[in-house]
Amino acid sequence: MIKYWQSMHDYKYFLTESKAHFDSSERNRLHTELWEPWQKLRLFDTDKAMEFLLPFYSNTGRPAMNQPQILRSFILFFLLYSDGLTKLSLTLWVDRLKHDRVLAALIGCAPDSLPPLGSYFDFMDRLWTAPPTDLYARDKLLPASRNSKKPDKPKGKKQKAQESKPKITEAIEKRLMGGKDIPFNFEGRLQRFFYHVAVLPSMESGLIPGEHLTVSGDGTAVHTHACPRGHRRVGAPDNLRHFRSYRKTLCNRCFLMAVSDISLSLPAASPQSLWA
């Protein structure tokens, strides 16, 4: 269960009070390298996150502490890693927060009251629905040895690299023909969570146009067109009926699947950036 959830009002008040004790170099960091993450965290409404997460907590047992702080910490970790300002290690990140009161303040904690590393994994387990003993359990998807070996390169031009798991297609076919299910969508909670706390607020703020918008999760089957000229958009001028890759003339081609960069579309992000 959740005994106390730091509201957005409390978070902004805590951040203001913390800034009053920063020295000039720490304030300078807020207005330079940490400016964009700072503004995104100020606009990210964790109160909406609580409305979605609350059903995933038990009504009994030991209360879960610092849940909004952990959520902000994940976001700050991702934003800084994307800019090359921190290493991709959750263990190192948690240790860094203990020695950096500016980063600790940005997630809403004092350096002496930070959530422990184990609480981060407990938080992730609430949003990942595969059983701990399953093949698709969260801790089995990214083992420590996953990135230790570089992928094989194709042997020649117009050749594909060798499959890491030969005959995987036949194995899937046998499983389906044998009447067994193939589990998927263990990240469904995470996708719905992102929709409620990031996509909907961005639409309400006008950052993502709501007209002709369809939001779907990763892996959703979409209708596309094989024609290289694309699909005519309703209302396009007659002389710009299609998109032609071999001409410089462009019209508003109707893309039926969102194209995005790798970024977190919080309300402070650009409307063209939709990470889903």
# chains A, B, ... in the order shown; residues from 1 in each chain; ligands from 1
call {"tool": "residues_around", "arguments": {"residues": "region 59-75 of chain A", "least_positions_apart": "6", "cutoff": "8 Å", "atoms": "only C-alpha atoms", "output": "compact mmCIF listing (two decimals) with N, CA and C atoms, in the first residue's frame"}}
result
# COMPACT_ATOMS: atom_id res chain seq x y z
N MET A 1 0.83 -1.19 0.00
CA MET A 1 0.00 0.00 0.00
C MET A 1 0.88 1.25 0.00
N ILE A 2 0.26 2.39 -0.28
CA ILE A 2 0.97 3.66 -0.30
C ILE A 2 0.50 4.51 0.87
N LYS A 3 1.41 4.80 1.77
CA LYS A 3 1.05 5.58 2.94
C LYS A 3 1.13 7.07 2.65
N TYR A 4 2.11 7.49 1.89
CA TYR A 4 2.26 8.90 1.57
C TYR A 4 2.78 9.05 0.14
N TRP A 5 2.11 9.90 -0.62
CA TRP A 5 2.51 10.18 -1.99
C TRP A 5 2.82 11.67 -2.09
N GLN A 6 4.03 12.00 -2.43
CA GLN A 6 4.44 13.40 -2.54
C GLN A 6 3.68 14.06 -3.69
N LEU A 41 10.58 17.73 -15.45
CA LEU A 41 10.13 17.17 -14.17
C LEU A 41 9.14 18.10 -13.48
N THR A 46 2.94 13.94 -11.43
CA THR A 46 2.97 12.62 -10.79
C THR A 46 1.66 12.29 -10.08
N MET A 50 -0.22 8.58 -9.88
CA MET A 50 -0.75 7.88 -8.72
C MET A 50 -2.12 7.28 -9.03
N LEU A 106 16.09 17.24 -7.57
CA LEU A 106 15.27 17.17 -8.77
C LEU A 106 14.29 16.02 -8.73
N ILE A 107 14.63 14.94 -8.02
CA ILE A 107 13.68 13.83 -7.93
C ILE A 107 12.77 13.99 -6.71
N GLY A 108 13.07 14.98 -5.86
CA GLY A 108 12.19 15.26 -4.73
C GLY A 108 12.65 14.68 -3.41
N CYS A 109 13.95 14.42 -3.26
CA CYS A 109 14.47 13.81 -2.03
C CYS A 109 15.68 14.59 -1.51
N LEU A 114 17.04 9.04 0.34
CA LEU A 114 16.83 8.51 -0.99
C LEU A 114 16.30 7.07 -0.95
N PRO A 115 15.49 6.67 -1.91
CA PRO A 115 15.03 5.28 -1.95
C PRO A 115 16.18 4.34 -2.29
N SER A 119 14.17 -0.78 -4.16
CA SER A 119 12.85 -0.18 -4.39
C SER A 119 12.62 0.12 -5.86
N TYR A 120 13.70 0.39 -6.60
CA TYR A 120 13.57 0.64 -8.04
C TYR A 120 13.08 -0.62 -8.76
N PHE A 123 9.49 -1.31 -8.06
CA PHE A 123 8.64 -0.42 -8.86
C PHE A 123 8.49 -0.97 -10.28
call {"tool": "residues_around", "arguments": {"residues": "Asp23 (chain A)", "least_positions_apart": "5", "cutoff": "12 Å", "atoms": "only C-alpha atoms", "output": "list in words"}}
result
Ser18, Asn28, Arg29, Leu30, Arg101 and Val102 of chain A
call {"tool": "write_last_selection", "arguments": {"atoms": "N, CA and C atoms", "output": "short mmCIF file (atom, residue, chain, number, x, y, z; two decimals), in the first residue's frame"}}
result
data_model
loop_
_atom_site.label_atom_id
_atom_site.label_comp_id
_atom_site.auth_asym_id
_atom_site.auth_seq_id
_atom_site.Cartn_x
_atom_site.Cartn_y
_atom_site.Cartn_z
N SER A 18 14.94 23.78 -1.62
CA SER A 18 16.28 23.22 -1.84
C SER A 18 17.15 24.19 -2.62
N ASN A 28 24.02 27.23 -11.28
CA ASN A 28 24.43 27.31 -12.68
C ASN A 28 24.16 26.00 -13.41
N ARG A 29 24.32 24.88 -12.74
CA ARG A 29 24.01 23.58 -13.35
C ARG A 29 22.53 23.47 -13.70
N LEU A 30 21.68 24.01 -12.83
CA LEU A 30 20.24 23.97 -13.09
C LEU A 30 19.88 24.74 -14.36
N ARG A 101 23.47 16.55 -4.39
CA ARG A 101 22.22 17.03 -3.82
C ARG A 101 21.35 17.76 -4.84
N VAL A 102 21.92 18.21 -5.95
CA VAL A 102 21.10 18.84 -7.00
C VAL A 102 20.24 17.79 -7.68
#
call {"tool": "closest_residue", "arguments": {"among": "A:Glu173, A:Met203, A:Leu15, A:Glu211", "to": "Ala110 (chain A)", "atoms": "only C-alpha atoms"}}
result
A:Leu15
call {"tool": "atom_distance", "arguments": {"atom1": "CA of Leu53 (chain A)", "atom2": "CA of Phe193 (chain A)"}}
result
7.9 Å
call {"tool": "select_by_dssp", "arguments": {"residues": "region 12-112 of chain A", "states": "helix (DSSP H, G or I)", "output": "PyMOL selection string"}}
result
chain A and resi 12-19+24-30+35-43+46-56+67-82+90-98+101-107+111-112
call {"tool": "atom_distance", "arguments": {"atom1": "CA of Asp83 (chain A)", "atom2": "CA of Glu36 (chain A)"}}
result
10.7 Å
call {"tool": "atom_distance", "arguments": {"atom1": "CA of Gly188 (chain A)", "atom2": "CA of Ser216 (chain A)"}}
result
10.7 Å
call {"tool": "closest_residue", "arguments": {"among": "A:Phe22, A:Tyr57, A:Phe77, A:Trp93", "to": "Leu127 (chain A)", "atoms": "only C-alpha atoms"}}
result
A:Tyr57
